[in-house]
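Beneath this line is the structure, given in structure tokens, with notes to follow.
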Amino acid sequence: QESGQESTPSISSAEPESLGVDKTDLDRVIGQADDLDLSIYTQDSVQAMESALSDAQGVQEDENASQGDIDEATAALRNAIRNLEEKGGIPLNLIIAVAAVVLVILIVVIVIVAVSSSKKKKKAQEAQWVAQQNAMRQQPQQNRGYVGAPQGGMPQGMPQGMPQAVPQRPPVYQTNPMGPGEGAGETGLLNSGAGETTLLSGQGRGAASLVRVRTGETVSISKQVFTVGKERRKVDFCISDNNSISRTHAQIICNGSNYYIVDLNSTNYTFVNGNRVEARQEVLLKSGDRIKLADEEFEFKVF
């Protein structure tokens with residue numbers, strides 16, 4: 001029995017405290033701290049982290065450290081790493097946010113400039129076109145009939161024997177004078193500017209007209225440049241009851257014995273026999289052609 005007692009090892013009171021402890025998490029956090037580039041952080045935050053690292057390394061080397069000591073040292077070092085502050089620079093996430101805002105603003109400015117430039121270009125083209133049409137109205141119509149002879153006879157240089165212009169008023173369609181509930185919005189044919197519209201029956205120019213298919217109205221084309229649209233003060237034939245028509249939608253131009261249609265950059269386009277007319281391009285018309293201004297259909301006739 002004595003030999004058996006001598007062979008039994010004695011267990012120290014400190015050994016149970018070291019059993020079952022886990023330093024894996026502590027080792028990993030210490031490794032993270034060792035890999036940091038401390039040169040980019042402020043001195044105060046680095047000192048706090050180094051102090052926590054020193055304490056953690058002490059616990060790591062202590063064979064008698066309890067699990068509570070290990071967990072406490074691990075948490076302190078992890079917090080110290082999180083609390084490291086970078087020196088004086090702007091945080092990366094803030095830089096990214098500012099860059100994104102600047103990019104959005106730049107895109108908006110580019111879009112606004114492009115839209116503004118497009119509108120200015122369109123207005124300039126329209127102004128140039130109107131000036132050309134006004135010039136065509138004012139110049140003498142030699143070799144294709146004379147429209148609007150002034151008082152006092154034929155102008156100088158006019159070939160002898162040319163038929164003189166006969167003043168004639170075109171038919172005028174006016175809106176119903178009743179209240180807005182009756183006849184409102186009918187199509188009106190208006191004179192443009194001061195003076196009378198003059199028709200010429202000679203020099204190969206035939207009488208032309210538009211027949212509005214939906215209503216059966218017949219409108220005489222009584223001018224060399226005949227404008228159709230919905231803005232009364234700018235057109236010769238006003239279509240006020242169709243919002244698809246542009247303010248100045250199209251023009252029909254007489255050149256000698258030929259008639260041409262020109263789309264004035266309208267919103268819903270102009271079509272001849274189902275074919276779209278390109279803006280500002282003259283398209284020759286023949287008697288019987290079907291013309292569509294947006295969704296309003298007409299038949300063109302020459303007599």
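Just remember, in the structure tokens the first chain shown is A, the second B, etc., residues are 1-based per chain, and ligands are 1-based in the order shown.
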**Request:** Identify, on the basis of only C-alpha atoms, every residue whose closest approach to Ile252 of chain A does not exceed 7 Å; exclude the query and any residue fewer than 5 positions from it along the same chain; express the result as an MDAnalysis selection string.
**Result:** chainID A and resid 225:227 259:262
Please save N, CA and C atoms of the selected residues as a tab-separated table (two decimals), in the first residue's frame.
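Written file, again_10.tsv:
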chain	number	residue	atom	x	y	z
A	225	VAL	N	-47.32	80.86	-101.22
A	225	VAL	CA	-46.87	80.11	-100.05
A	225	VAL	C	-48.06	80.04	-99.10
A	226	PHE	N	-48.64	78.86	-98.97
A	226	PHE	CA	-49.88	78.67	-98.23
A	226	PHE	C	-49.57	77.84	-96.99
A	227	THR	N	-49.75	78.43	-95.79
A	227	THR	CA	-49.35	77.80	-94.52
A	227	THR	C	-50.57	77.20	-93.83
A	259	TYR	N	-46.96	72.25	-107.63
A	259	TYR	CA	-47.19	72.50	-106.21
A	259	TYR	C	-46.31	71.55	-105.40
A	260	TYR	N	-45.77	72.09	-104.32
A	260	TYR	CA	-44.90	71.31	-103.43
A	260	TYR	C	-45.40	71.47	-102.00
A	261	ILE	N	-45.19	70.44	-101.19
A	261	ILE	CA	-45.51	70.53	-99.76
A	261	ILE	C	-44.21	70.45	-98.96
A	262	VAL	N	-44.14	71.24	-97.89
A	262	VAL	CA	-42.95	71.29	-97.03
A	262	VAL	C	-43.41	71.14	-95.58
Report as a compact mmCIF listing (two decimals) with all heavy atoms, in the first residue's frame all protein, DNA and RNA residues lying within 12 Å of Asn273 of chain A, evaluated on only C-alpha atoms, omitting residues in the same chain fewer than 4 positions from it.
# COMPACT_ATOMS: atom_id res chain seq x y z
N VAL A 277 -42.82 63.00 -94.98
CA VAL A 277 -42.09 64.11 -95.61
C VAL A 277 -41.02 64.59 -94.63
O VAL A 277 -41.34 64.94 -93.48
CB VAL A 277 -43.05 65.26 -95.96
CG1 VAL A 277 -42.27 66.43 -96.54
CG2 VAL A 277 -44.10 64.78 -96.94
N VAL A 283 -41.65 68.36 -101.45
CA VAL A 283 -42.12 67.13 -102.10
C VAL A 283 -43.19 67.53 -103.12
O VAL A 283 -44.15 68.23 -102.78
CB VAL A 283 -42.70 66.15 -101.06
CG1 VAL A 283 -43.33 64.95 -101.75
CG2 VAL A 283 -41.61 65.68 -100.11
N LEU A 284 -43.02 67.11 -104.34
CA LEU A 284 -43.94 67.46 -105.42
C LEU A 284 -45.30 66.80 -105.19
O LEU A 284 -45.39 65.62 -104.84
CB LEU A 284 -43.36 67.00 -106.77
CG LEU A 284 -44.22 67.28 -108.01
CD1 LEU A 284 -44.36 68.79 -108.23
CD2 LEU A 284 -43.59 66.60 -109.23
N LEU A 285 -46.36 67.59 -105.39
CA LEU A 285 -47.71 67.10 -105.22
C LEU A 285 -48.37 66.90 -106.58
O LEU A 285 -48.12 67.68 -107.52
CB LEU A 285 -48.55 68.08 -104.39
CG LEU A 285 -48.16 68.25 -102.91
CD1 LEU A 285 -48.99 69.35 -102.27
CD2 LEU A 285 -48.33 66.93 -102.16
N LYS A 286 -49.22 65.90 -106.67
CA LYS A 286 -50.02 65.65 -107.87
C LYS A 286 -51.48 65.63 -107.46
O LYS A 286 -51.83 65.29 -106.33
CB LYS A 286 -49.63 64.32 -108.52
CG LYS A 286 -48.17 64.22 -108.90
CD LYS A 286 -47.87 62.90 -109.59
CE LYS A 286 -48.16 61.71 -108.69
NZ LYS A 286 -47.29 61.68 -107.51
N SER A 287 -52.33 65.97 -108.40
CA SER A 287 -53.76 65.96 -108.12
C SER A 287 -54.20 64.56 -107.71
O SER A 287 -53.85 63.57 -108.36
CB SER A 287 -54.55 66.42 -109.36
OG SER A 287 -55.93 66.53 -109.06
N GLY A 288 -54.94 64.49 -106.61
CA GLY A 288 -55.39 63.21 -106.09
C GLY A 288 -54.52 62.66 -104.97
O GLY A 288 -54.89 61.65 -104.35
N ASP A 289 -53.37 63.30 -104.68
CA ASP A 289 -52.52 62.84 -103.59
C ASP A 289 -53.25 62.96 -102.25
O ASP A 289 -54.03 63.89 -102.03
CB ASP A 289 -51.23 63.65 -103.53
CG ASP A 289 -50.22 63.21 -104.58
OD1 ASP A 289 -50.44 62.14 -105.18
OD2 ASP A 289 -49.22 63.92 -104.79
N ARG A 290 -52.99 62.00 -101.36
CA ARG A 290 -53.55 62.02 -100.02
C ARG A 290 -52.50 62.58 -99.06
O ARG A 290 -51.39 62.04 -98.96
CB ARG A 290 -53.97 60.62 -99.58
CG ARG A 290 -54.88 59.91 -100.57
CD ARG A 290 -56.27 60.53 -100.64
NE ARG A 290 -57.09 60.15 -99.48
CZ ARG A 290 -58.40 60.32 -99.43
NH1 ARG A 290 -59.05 60.88 -100.47
NH2 ARG A 290 -59.08 59.97 -98.37
N ILE A 291 -52.85 63.65 -98.41
CA ILE A 291 -51.93 64.32 -97.48
C ILE A 291 -52.45 64.12 -96.06
O ILE A 291 -53.63 64.29 -95.78
CB ILE A 291 -51.84 65.83 -97.79
CG1 ILE A 291 -51.29 66.05 -99.21
CG2 ILE A 291 -50.98 66.55 -96.76
CD1 ILE A 291 -51.35 67.50 -99.65
N LYS A 292 -51.53 63.76 -95.15
CA LYS A 292 -51.89 63.66 -93.73
C LYS A 292 -51.01 64.59 -92.92
O LYS A 292 -49.78 64.51 -93.00
CB LYS A 292 -51.72 62.22 -93.22
CG LYS A 292 -52.83 61.28 -93.64
CD LYS A 292 -52.70 59.92 -92.95
CE LYS A 292 -52.98 60.01 -91.48
NZ LYS A 292 -52.96 58.70 -90.80
N LEU A 293 -51.64 65.50 -92.20
CA LEU A 293 -50.94 66.35 -91.24
C LEU A 293 -51.25 65.76 -89.86
O LEU A 293 -52.38 65.87 -89.39
CB LEU A 293 -51.42 67.80 -91.33
CG LEU A 293 -51.38 68.43 -92.73
CD1 LEU A 293 -51.83 69.87 -92.67
CD2 LEU A 293 -49.99 68.32 -93.35
N GLU A 297 -56.46 64.05 -92.37
CA GLU A 297 -56.23 63.65 -93.76
C GLU A 297 -56.91 64.62 -94.71
O GLU A 297 -58.03 65.11 -94.46
CB GLU A 297 -56.75 62.23 -93.99
CG GLU A 297 -56.38 61.69 -95.37
CD GLU A 297 -56.70 60.20 -95.51
OE1 GLU A 297 -57.23 59.62 -94.54
OE2 GLU A 297 -56.42 59.63 -96.58
N PHE A 298 -56.21 64.91 -95.83
CA PHE A 298 -56.72 65.80 -96.87
C PHE A 298 -56.49 65.13 -98.23
O PHE A 298 -55.62 64.27 -98.39
CB PHE A 298 -55.97 67.13 -96.86
CG PHE A 298 -56.12 67.91 -95.59
CD1 PHE A 298 -55.26 67.66 -94.52
CD2 PHE A 298 -57.09 68.88 -95.44
CE1 PHE A 298 -55.37 68.37 -93.34
CE2 PHE A 298 -57.20 69.59 -94.26
CZ PHE A 298 -56.36 69.34 -93.20
N GLU A 299 -57.29 65.58 -99.21
CA GLU A 299 -57.06 65.20 -100.61
C GLU A 299 -56.64 66.47 -101.37
O GLU A 299 -57.33 67.48 -101.28
CB GLU A 299 -58.29 64.57 -101.24
CG GLU A 299 -58.05 64.14 -102.69
CD GLU A 299 -59.29 63.52 -103.31
OE1 GLU A 299 -60.33 63.46 -102.62
OE2 GLU A 299 -59.21 63.14 -104.49
N PHE A 300 -55.55 66.39 -102.09
CA PHE A 300 -55.06 67.53 -102.85
C PHE A 300 -55.61 67.44 -104.27
O PHE A 300 -55.56 66.39 -104.92
CB PHE A 300 -53.53 67.51 -102.88
CG PHE A 300 -52.93 68.59 -103.72
CD1 PHE A 300 -52.90 69.91 -103.28
CD2 PHE A 300 -52.38 68.32 -104.97
CE1 PHE A 300 -52.34 70.93 -104.05
CE2 PHE A 300 -51.82 69.32 -105.75
CZ PHE A 300 -51.80 70.62 -105.29
**Message:** Just list as a list in words whatever in segment 206-256 of chain A DSSP marks as strand (DSSP E or B).
**Reply:**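 Secondary structure check on segment 206-256 of chain A, strand (DSSP E or B): Ala208, Ser209, Leu210, Val211, Arg212, Thr218, Val219, Ser220, Ile221, Val225, Phe226, Thr227, Val228, Gly229, Phe237, Cys238, Ala250, Gln251, Ile252, Ile253, Cys254 and Asn255 of chain A.
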How about saving the chosen residues, N, CA and C atoms kept, as a short mmCIF file (atom, residue, chain, number, x, y, z; two decimals), in the first residue's frame?
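Written output follows (result_8.cif):
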data_model
loop_
_atom_site.label_atom_id
_atom_site.label_comp_id
_atom_site.auth_asym_id
_atom_site.auth_seq_id
_atom_site.Cartn_x
_atom_site.Cartn_y
_atom_site.Cartn_z
N ALA A 208 -55.78 75.18 -107.19
CA ALA A 208 -55.58 74.00 -106.35
C ALA A 208 -56.39 74.15 -105.07
N SER A 209 -56.69 73.03 -104.46
CA SER A 209 -57.47 73.07 -103.22
C SER A 209 -57.13 71.85 -102.38
N LEU A 210 -57.49 71.96 -101.10
CA LEU A 210 -57.40 70.84 -100.17
C LEU A 210 -58.81 70.48 -99.74
N VAL A 211 -59.11 69.18 -99.74
CA VAL A 211 -60.39 68.71 -99.25
C VAL A 211 -60.13 67.97 -97.94
N ARG A 212 -60.70 68.51 -96.87
CA ARG A 212 -60.54 67.88 -95.56
C ARG A 212 -61.46 66.68 -95.49
N THR A 218 -63.73 72.16 -98.38
CA THR A 218 -62.81 72.41 -99.49
C THR A 218 -62.19 73.78 -99.30
N VAL A 219 -60.87 73.82 -99.30
CA VAL A 219 -60.13 75.05 -99.03
C VAL A 219 -59.28 75.39 -100.25
N SER A 220 -59.51 76.56 -100.83
CA SER A 220 -58.73 76.98 -102.00
C SER A 220 -57.33 77.41 -101.58
N ILE A 221 -56.34 76.95 -102.31
CA ILE A 221 -54.95 77.37 -102.07
C ILE A 221 -54.73 78.61 -102.93
N VAL A 225 -47.32 80.86 -101.22
CA VAL A 225 -46.87 80.11 -100.05
C VAL A 225 -48.06 80.04 -99.10
N PHE A 226 -48.64 78.86 -98.97
CA PHE A 226 -49.88 78.67 -98.23
C PHE A 226 -49.57 77.84 -96.99
N THR A 227 -49.75 78.43 -95.79
CA THR A 227 -49.35 77.80 -94.52
C THR A 227 -50.57 77.20 -93.83
N VAL A 228 -50.40 75.98 -93.30
CA VAL A 228 -51.45 75.26 -92.60
C VAL A 228 -50.98 74.96 -91.18
N GLY A 229 -51.82 75.20 -90.19
CA GLY A 229 -51.49 74.92 -88.79
C GLY A 229 -52.65 75.29 -87.90
N PHE A 237 -54.57 78.59 -93.31
CA PHE A 237 -55.64 77.63 -93.08
C PHE A 237 -55.49 77.13 -91.64
N CYS A 238 -56.43 77.52 -90.77
CA CYS A 238 -56.33 77.22 -89.34
C CYS A 238 -57.16 75.98 -89.01
N ALA A 250 -47.30 72.84 -91.85
CA ALA A 250 -46.76 72.60 -93.19
C ALA A 250 -47.10 73.77 -94.10
N GLN A 251 -46.41 73.81 -95.25
CA GLN A 251 -46.68 74.82 -96.27
C GLN A 251 -46.84 74.15 -97.62
N ILE A 252 -47.76 74.69 -98.42
CA ILE A 252 -47.89 74.27 -99.82
C ILE A 252 -47.43 75.44 -100.67
N ILE A 253 -46.43 75.18 -101.50
CA ILE A 253 -45.76 76.23 -102.27
C ILE A 253 -46.06 76.01 -103.75
N CYS A 254 -46.50 77.10 -104.41
CA CYS A 254 -46.75 77.05 -105.85
C CYS A 254 -45.52 77.57 -106.59
N ASN A 255 -45.00 76.78 -107.50
CA ASN A 255 -43.84 77.17 -108.31
C ASN A 255 -44.21 76.89 -109.77
#
**Prompt:** Residues at most 12 Å from segment 47-64 of chain A, counting only C-alpha atoms, excluding those fewer than 6 positions away in the same chain, as a PyMOL selection string?
**Reply:** chain A and resi 13-34+36+38-39+41+70-85
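Distances here use only C-alpha atoms; by that measure, the residue among A:Ile245, A:Ile40, A:Ala114, A:Leu264 closest to Gly88 of chain A is A:Ile40.
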**Message:** Taking only C-alpha atoms into account, name the residue in A:Glu296, A:Asp44, A:Glu231, A:Asp69 that is nearest to Asn268 of chain A.
**Reply:**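 Nearest to Asn268 of chain A: A:Glu296.
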